[in-house]
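Student: Next comes run.tsv, TSV, C-alpha atoms and all ligand atoms:
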```tsv
chain	number	residue	atom	x	y	z
A	215	MET	CA	103.50	106.26	106.72
A	216	ALA	CA	106.25	108.12	104.85
A	217	ARG	CA	108.75	106.49	102.49
A	218	LEU	CA	112.32	107.64	102.96
A	219	LEU	CA	114.63	106.94	100.04
A	220	TYR	CA	118.26	106.55	101.06
A	221	ILE	CA	120.62	106.91	98.10
A	222	GLU	CA	124.03	105.36	98.78
A	223	THR	CA	126.90	106.25	96.48
A	224	SER	CA	130.15	105.03	98.04
A	225	PRO	CA	131.47	101.64	96.90
A	226	ARG	CA	133.54	101.30	100.11
A	227	LYS	CA	130.66	99.90	102.18
A	228	ASP	CA	132.00	98.88	105.64
A	229	ARG	CA	135.03	101.17	105.24
A	230	SER	CA	132.97	104.16	104.08
A	231	ALA	CA	132.67	107.20	106.35
A	232	SER	CA	129.63	108.54	104.49
A	233	ILE	CA	127.81	105.21	104.87
A	234	GLU	CA	128.81	104.86	108.53
A	235	THR	CA	127.29	108.29	109.24
A	236	ALA	CA	124.21	107.55	107.12
A	237	ARG	CA	123.66	104.34	109.11
A	238	ILE	CA	123.66	106.34	112.36
A	239	PHE	CA	121.09	108.68	110.79
A	240	LEU	CA	118.88	105.82	109.59
A	241	ILE	CA	119.00	103.86	112.86
A	242	GLU	CA	117.91	106.97	114.75
A	243	TYR	CA	115.30	107.75	112.08
A	244	GLN	CA	113.75	104.30	112.39
A	245	LYS	CA	113.73	104.59	116.19
A	246	THR	CA	111.97	107.96	116.07
A	247	HIS	CA	109.73	107.22	113.04
A	248	PRO	CA	108.85	103.54	113.56
A	249	LYS	CA	105.95	103.58	111.08
A	250	ASP	CA	108.00	104.90	108.18
A	251	LEU	CA	109.57	102.83	105.47
A	252	VAL	CA	113.27	103.24	104.63
A	253	GLU	CA	114.38	102.06	101.22
A	254	THR	CA	118.06	101.91	100.20
A	255	LEU	CA	119.07	102.62	96.64
A	256	ASP	CA	122.69	101.50	96.23
A	257	LEU	CA	123.90	103.11	93.03
A	258	TRP	CA	126.75	100.58	92.72
A	259	ILE	CA	124.33	97.73	92.15
A	260	THR	CA	121.49	99.59	90.42
A	261	PRO	CA	121.49	99.29	86.63
A	262	LEU	CA	120.91	102.68	84.99
A	263	PRO	CA	120.21	103.29	81.30
A	264	GLU	CA	123.13	104.72	79.34
A	265	PHE	CA	122.39	108.30	78.40
A	266	ASP	CA	123.01	107.98	74.69
A	267	GLY	CA	121.32	107.00	71.40
A	268	GLU	CA	117.52	107.06	71.50
A	269	VAL	CA	117.52	108.07	75.18
A	270	ILE	CA	119.24	111.34	74.42
A	271	ASN	CA	117.09	111.81	71.30
A	272	SER	CA	114.03	111.42	73.54
A	273	LYS	CA	115.21	114.16	75.87
A	274	TYR	CA	115.78	116.55	72.96
A	275	ALA	CA	112.39	115.65	71.47
A	276	ILE	CA	110.77	116.75	74.74
A	277	LEU	CA	112.81	119.96	74.80
A	278	GLN	CA	111.74	120.70	71.20
A	279	GLY	CA	108.08	119.85	71.85
A	280	LEU	CA	108.16	116.86	69.47
A	281	LYS	CA	106.35	113.54	69.89
A	282	HIS	CA	108.50	110.52	70.65
A	283	THR	CA	109.00	107.94	67.93
A	284	GLU	CA	108.29	104.32	68.82
A	285	ALA	CA	112.02	103.68	69.41
A	286	GLN	CA	112.28	106.79	71.60
A	287	ARG	CA	109.19	105.81	73.60
A	288	HIS	CA	110.72	102.43	74.27
A	289	ALA	CA	114.12	103.88	75.27
A	290	TRP	CA	112.54	106.63	77.39
A	291	SER	CA	110.43	104.20	79.43
A	292	ALA	CA	113.59	103.05	81.25
A	293	VAL	CA	114.30	106.67	82.23
A	294	GLU	CA	110.70	107.23	83.33
A	295	LYS	CA	110.89	104.18	85.58
A	296	ILE	CA	113.95	105.54	87.43
A	297	ILE	CA	112.40	109.01	87.72
A	298	SER	CA	109.07	107.78	89.07
A	299	HIS	CA	110.86	105.63	91.63
A	300	PHE	CA	112.74	108.76	92.75
A	301	THR	CA	109.80	111.19	92.76
A	302	SER	CA	107.46	108.80	94.58
A	303	ALA	CA	109.50	109.04	97.80
A	304	ASP	CA	108.48	111.44	100.58
A	305	LYS	CA	111.92	112.13	102.06
A	306	TYR	CA	115.49	111.75	100.81
A	307	VAL	CA	118.88	111.03	102.30
A	308	PHE	CA	122.02	110.95	100.13
A	309	SER	CA	125.44	109.78	101.32
A	310	LEU	CA	128.42	110.51	99.13
A	311	PRO	CA	132.19	110.61	99.00
A	312	MET	CA	134.10	113.51	97.50
A	313	TRP	CA	135.83	112.30	94.35
A	314	ASN	CA	138.17	114.71	92.63
A	315	PHE	CA	136.42	117.61	94.35
A	316	GLY	CA	133.03	116.56	92.99
A	317	VAL	CA	130.61	113.64	93.24
A	318	PRO	CA	131.25	109.98	92.26
A	319	TYR	CA	130.36	109.16	88.67
A	320	LYS	CA	127.61	106.70	89.61
A	321	LEU	CA	125.76	109.55	91.30
A	322	LYS	CA	126.35	111.86	88.34
A	323	HIS	CA	124.89	109.18	86.07
A	324	TYR	CA	121.79	108.95	88.30
A	325	ILE	CA	121.44	112.75	88.29
A	326	ASP	CA	121.70	112.77	84.48
A	327	VAL	CA	118.89	110.22	84.30
A	328	ILE	CA	116.46	111.86	86.75
A	329	THR	CA	116.94	115.54	85.82
A	330	GLN	CA	114.39	115.78	83.00
A	331	PRO	CA	112.12	118.50	81.64
A	332	GLY	CA	108.49	117.90	82.51
A	333	TYR	CA	109.39	115.41	85.24
A	334	THR	CA	111.70	117.01	87.80
A	335	PHE	CA	111.90	120.54	86.37
A	336	SER	CA	109.99	122.70	83.94
A	337	PHE	CA	110.80	125.65	81.73
A	338	THR	CA	108.52	128.38	80.46
A	339	PRO	CA	109.67	131.68	78.95
A	340	GLY	CA	107.55	133.50	81.56
A	341	GLU	CA	108.69	131.64	84.65
A	342	GLY	CA	112.07	130.31	83.51
A	343	TYR	CA	113.22	127.10	85.19
A	344	LYS	CA	111.09	125.68	88.00
A	345	GLY	CA	111.84	122.64	90.15
A	346	LEU	CA	109.01	120.11	90.34
A	347	VAL	CA	110.17	118.05	93.35
A	348	THR	CA	108.73	120.30	96.02
A	349	GLY	CA	107.71	120.18	99.67
A	350	LYS	CA	110.00	117.29	100.58
A	351	PRO	CA	112.90	117.20	103.04
A	352	VAL	CA	116.39	116.15	101.99
A	353	ALA	CA	119.58	115.50	103.94
A	354	VAL	CA	122.99	115.01	102.36
A	355	ILE	CA	125.91	113.33	104.12
A	356	TYR	CA	129.27	114.25	102.61
A	357	ALA	CA	132.63	112.53	103.30
A	358	ARG	CA	135.94	114.02	102.25
A	359	GLY	CA	139.54	112.95	102.67
A	360	GLY	CA	140.64	116.55	103.24
A	361	SER	CA	139.03	119.58	104.88
A	362	TYR	CA	137.22	122.38	103.07
A	363	PRO	CA	136.05	124.78	105.79
A	364	ALA	CA	133.86	127.70	104.71
A	365	GLY	CA	135.77	130.95	104.34
A	366	THR	CA	139.11	129.30	103.50
A	367	LYS	CA	140.85	128.99	100.13
A	368	ALA	CA	140.19	125.24	100.25
A	369	ALA	CA	136.42	125.88	100.22
A	370	SER	CA	136.60	126.93	96.55
A	371	PHE	CA	137.69	123.36	95.70
A	372	ASP	CA	134.53	121.94	97.24
A	373	LEU	CA	132.43	121.25	94.18
A	374	GLN	CA	130.85	118.25	95.93
A	375	LYS	CA	128.50	120.19	98.25
A	376	ALA	CA	128.19	123.15	95.87
A	377	TYR	CA	127.07	120.84	93.05
A	378	MET	CA	124.62	118.84	95.18
A	379	GLU	CA	123.00	122.03	96.45
A	380	LEU	CA	122.77	123.43	92.93
A	381	PHE	CA	121.25	120.21	91.57
A	382	LEU	CA	118.81	119.70	94.44
A	383	GLY	CA	117.76	123.36	94.37
A	384	PHE	CA	117.28	123.16	90.60
A	385	ILE	CA	114.81	120.28	90.87
A	386	GLY	CA	112.85	121.96	93.66
A	387	PHE	CA	114.28	121.14	97.08
A	388	LYS	CA	114.30	124.07	99.48
A	389	ALA	CA	115.81	123.36	102.91
A	390	ILE	CA	118.80	121.13	102.22
A	391	GLN	CA	120.24	119.71	105.44
A	392	SER	CA	123.85	118.63	105.43
A	393	VAL	CA	126.28	116.62	107.52
A	394	ILE	CA	129.98	116.76	106.65
A	395	VAL	CA	132.53	114.13	107.68
A	396	GLU	CA	136.03	115.60	107.19
A	397	PRO	CA	138.90	114.92	107.12
A	398	THR	CA	138.70	111.15	106.72
A	399	LEU	CA	142.26	110.72	105.44
A	400	SER	CA	144.01	112.32	108.39
A	401	SER	CA	145.48	110.74	111.54
A	402	PRO	CA	143.32	107.97	113.03
A	403	GLU	CA	142.53	110.29	115.98
A	404	GLU	CA	141.42	113.16	113.79
A	405	THR	CA	139.37	110.85	111.54
A	406	GLU	CA	137.63	109.27	114.54
A	407	LYS	CA	136.88	112.73	115.94
A	408	ALA	CA	135.41	113.84	112.59
A	409	LYS	CA	133.24	110.73	112.41
A	410	ALA	CA	132.04	111.14	116.00
A	411	THR	CA	131.09	114.80	115.44
A	412	ALA	CA	129.27	113.98	112.20
A	413	GLY	CA	127.52	111.01	113.84
A	414	GLU	CA	126.18	113.22	116.63
A	415	LEU	CA	124.85	115.73	114.13
A	416	ALA	CA	123.32	113.01	111.97
A	417	LYS	CA	121.54	111.53	114.99
A	418	LYS	CA	120.14	114.90	116.01
A	419	LEU	CA	118.97	115.64	112.48
A	420	ALA	CA	117.30	112.24	112.07
A	421	ALA	CA	115.13	112.64	115.16
A	422	THR	CA	113.28	115.62	113.68
A	423	PHE	CA	113.58	114.82	109.96
B	501	LIG	C1	138.55	108.34	93.23
B	501	LIG	C2	138.74	109.12	94.51
B	501	LIG	C3	138.90	110.48	94.45
B	501	LIG	C4	139.03	111.23	95.62
B	501	LIG	N1	139.14	112.59	95.54
B	501	LIG	C5	139.21	113.33	96.67
B	501	LIG	C6	139.26	114.76	96.60
B	501	LIG	O1	139.21	115.36	95.54
B	501	LIG	N2	139.33	115.44	97.77
B	501	LIG	C7	139.35	114.83	98.98
B	501	LIG	O2	139.39	115.52	99.99
B	501	LIG	N3	139.30	113.47	99.07
B	501	LIG	C8	139.23	112.72	97.95
B	501	LIG	N4	139.14	111.35	98.03
B	501	LIG	C9	139.07	110.74	99.37
B	501	LIG	C10	137.62	110.48	99.77
B	501	LIG	O3	136.82	111.64	99.65
B	501	LIG	C11	137.55	109.99	101.21
B	501	LIG	O4	138.24	108.76	101.32
B	501	LIG	C12	136.12	109.83	101.72
B	501	LIG	O5	136.16	109.33	103.02
B	501	LIG	C13	135.34	108.91	100.80
B	501	LIG	O6	134.05	108.70	101.28
B	501	LIG	P1	133.64	107.23	101.81
B	501	LIG	O7	134.55	106.98	102.99
B	501	LIG	O8	132.22	107.36	102.19
B	501	LIG	O9	133.88	106.28	100.68
B	501	LIG	C14	139.03	110.58	96.88
B	501	LIG	C15	138.89	109.18	96.92
B	501	LIG	C16	138.74	108.46	95.76
B	501	LIG	C17	138.58	106.96	95.83
```
Taking this structure as input, can you express it in the form of structure tokens?
Ligand SMILES: Cc1cc2nc3c(=O)[nH]c(=O)nc-3n(C[C@H](O)[C@H](O)[C@H](O)COP(=O)(O)O)c2cc1C
Tutor:
Amino acid sequence: MARLLYIETSPRKDRSASIETARIFLIEYQKTHPKDLVETLDLWITPLPEFDGEVINSKYAILQGLKHTEAQRHAWSAVEKIISHFTSADKYVFSLPMWNFGVPYKLKHYIDVITQPGYTFSFTPGEGYKGLVTGKPVAVIYARGGSYPAGTKAASFDLQKAYMELFLGFIGFKAIQSVIVEPTLSSPEETEKAKATAGELAKKLAATF
């Protein structure tokens, strides 16, 4: 039995195009992988530690090869809890809106918490940076109000997919599958067409994920 962690990052819930497409993916996934467990992590209701004070001191202590003080150990345990929840999954699905050409701040906060030396990546002078979350599949469902097709000038504004691929690659993911729903802020016909196309792709992807 595999555990699939679904990370939801739009606050728009029933009006969200990324969530609507992710639901199609997950329904098909559960149909085709009935023994697997799907867990949803909704980043709008999940408390995350602020990345400041002793938490940030703890990160720098690790980077400098220093032992944690008692206060740092205590602060860092909240970060470790979030990381071990993340790394213990077998498969990952993210759904996310484009916000100001990038990712929503709740997701950025989560990324800042889980991207830690010795946990999700390592660094040695010989090998440089190495991702530690390896051998696991990931799918990312992106929704955007506009359109950013590859090869156009608009594509250079797409820091949503570019950033997710950089981050996921950095922590070790190799084959990153993606489903794009765009444009969602066009005419109702065009939006429906975009959602239908993305839904089909999501369904296909889920069956073999
Ligand atoms: C704060 C905010 C910023 C946004 N910025 C962009 C943007 O930079 N580019 C874009 O194409 N759409 C932008 N949008 C529109 C959303 O990407 C679009 O509504 C998308 O469908 C959101 O995903 P969701 O439906 O899953 O919530 C923005 C929406 C919000 C609320």
Student: Taking all atoms of ligand LIG 501 (chain B) that the file lists, what box with edges along x, y and z, padded by 4 Å per side, do you get, with centre and edge lengths in Å to one decimal, as AutoDock Vina command-line options?
Tutor:
```
--center_x 135.8 --center_y 110.9 --center_z 98.1 --size_x 15.2 --size_y 17.2 --size_z 17.8
```
Student: What's the 12 Å shell around Ala376 in chain A, counting only C-alpha atoms, without same-chain residues fewer than 5 positions away, as a list in words?
Tutor: Met312, Phe315, Gly316, Val317, Val354, Tyr356, Tyr362, Ala364, Ala369, Ser370, Phe371, Phe381, Leu382, Gly383, Ile390 and Ser392 of chain A
Student: Find the nearest atom pair between each residue of chain A and ligand LIG 501 (chain B) for residues within 8 Å, count all atoms listed in the file, give distances in Å to one decimal, sort rows by chain and ascending number, and present the table as a Markdown table.
Tutor:
```
| residue | atom | partner | partner_atom | distance |
| --- | --- | --- | --- | --- |
| A:Thr223 | CA | B:LIG501 | O8 | 7.9 |
| A:Ser224 | CA | B:LIG501 | O9 | 4.7 |
| A:Pro225 | CA | B:LIG501 | O9 | 6.5 |
| A:Arg226 | CA | B:LIG501 | O9 | 5.0 |
| A:Lys227 | CA | B:LIG501 | O9 | 7.3 |
| A:Arg229 | CA | B:LIG501 | O7 | 6.2 |
| A:Ser230 | CA | B:LIG501 | O7 | 3.4 |
| A:Ala231 | CA | B:LIG501 | O7 | 3.9 |
| A:Ser232 | CA | B:LIG501 | O8 | 3.7 |
| A:Ile233 | CA | B:LIG501 | O8 | 5.6 |
| A:Glu234 | CA | B:LIG501 | O8 | 7.6 |
| A:Ser309 | CA | B:LIG501 | O8 | 7.3 |
| A:Leu310 | CA | B:LIG501 | O8 | 5.8 |
| A:Pro311 | CA | B:LIG501 | O6 | 3.5 |
| A:Met312 | CA | B:LIG501 | O3 | 3.9 |
| A:Trp313 | CA | B:LIG501 | N1 | 3.5 |
| A:Asn314 | CA | B:LIG501 | O1 | 3.2 |
| A:Phe315 | CA | B:LIG501 | O1 | 3.8 |
| A:Gly316 | CA | B:LIG501 | O1 | 6.8 |
| A:Pro318 | CA | B:LIG501 | C1 | 7.5 |
| A:Tyr356 | CA | B:LIG501 | O6 | 7.4 |
| A:Ala357 | CA | B:LIG501 | O6 | 4.6 |
| A:Arg358 | CA | B:LIG501 | O3 | 3.6 |
| A:Gly359 | CA | B:LIG501 | N3 | 3.6 |
| A:Gly360 | CA | B:LIG501 | O2 | 3.6 |
| A:Ser361 | CA | B:LIG501 | O2 | 6.4 |
| A:Tyr362 | CA | B:LIG501 | O2 | 7.8 |
| A:Val395 | CA | B:LIG501 | O5 | 7.6 |
| A:Glu396 | CA | B:LIG501 | O5 | 7.5 |
| A:Pro397 | CA | B:LIG501 | O2 | 7.2 |
| A:Thr398 | CA | B:LIG501 | O5 | 4.8 |
| A:Leu399 | CA | B:LIG501 | O4 | 6.1 |
```
Student: Tell me which protein, DNA and RNA residues are within 7 Å of Tyr306 in chain A, counting only C-alpha atoms, leaving out same-chain ones fewer than 3 positions away, and put them as a ChimeraX atom specification.
Tutor: /A:218-220,351-353
Student: So that I can see what lies close to Asp326 in chain A, please list as a PDB file with C-alpha atoms, in the coordinates of the input the residues with an atom at most 10 Å from it, counting only C-alpha atoms and leaving out residues fewer than 5 positions away in the same chain.
Tutor:
```pdb
ATOM      1  CA  GLU A 264     123.130 104.720  79.340  1.00  0.00           C
ATOM      2  CA  PHE A 265     122.390 108.300  78.400  1.00  0.00           C
ATOM      3  CA  VAL A 293     114.300 106.670  82.230  1.00  0.00           C
ATOM      4  CA  LYS A 320     127.610 106.700  89.610  1.00  0.00           C
ATOM      5  CA  LEU A 321     125.760 109.550  91.300  1.00  0.00           C
TER       6      LEU A 321
END
```
Student: Do a neighbour search on range 268-283 of chain A at 12 Å with only C-alpha atoms, toss out local chain neighbours closer than 4 positions, and write the hits as an MDAnalysis selection string.
Tutor: chainID A and resid 262:264 287:294 326:333 335:338
Student: To one decimal place in Å, what is the distance between CA of Phe308 in chain A and CA of Leu419 in chain A?
Tutor: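 A separation of 13.6 Å between them.
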Student: Just give me the gap between CA of Lys418 in chain A and CA of Leu346 in chain A in Å, one decimal is fine.
Tutor: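 One can read the CA of Lys418 in chain A to CA of Leu346 in chain A distance as 28.5 Å.
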Student: Using all atoms listed in the file, what residues lie at most 12 Å away from (117.4, 104.6, 109.7) (file coordinates), given as an NGL selection string?
Tutor: :A and (217-220 or 233-254 or 306-307 or 416-417 or 419-421 or 423)
Student: So how many Å separate CA of Ile385 in chain A and CA of Leu257 in chain A, to one decimal?
Tutor: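 About the pair CA of Ile385 in chain A and CA of Leu257 in chain A: they are 19.5 Å apart.
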Student: Using only C-alpha atoms, which of the listed residues (A:Ile259, A:Leu380, A:Leu415, A:Val347) sits closest to Ser298 in chain A?
Tutor: A:Val347
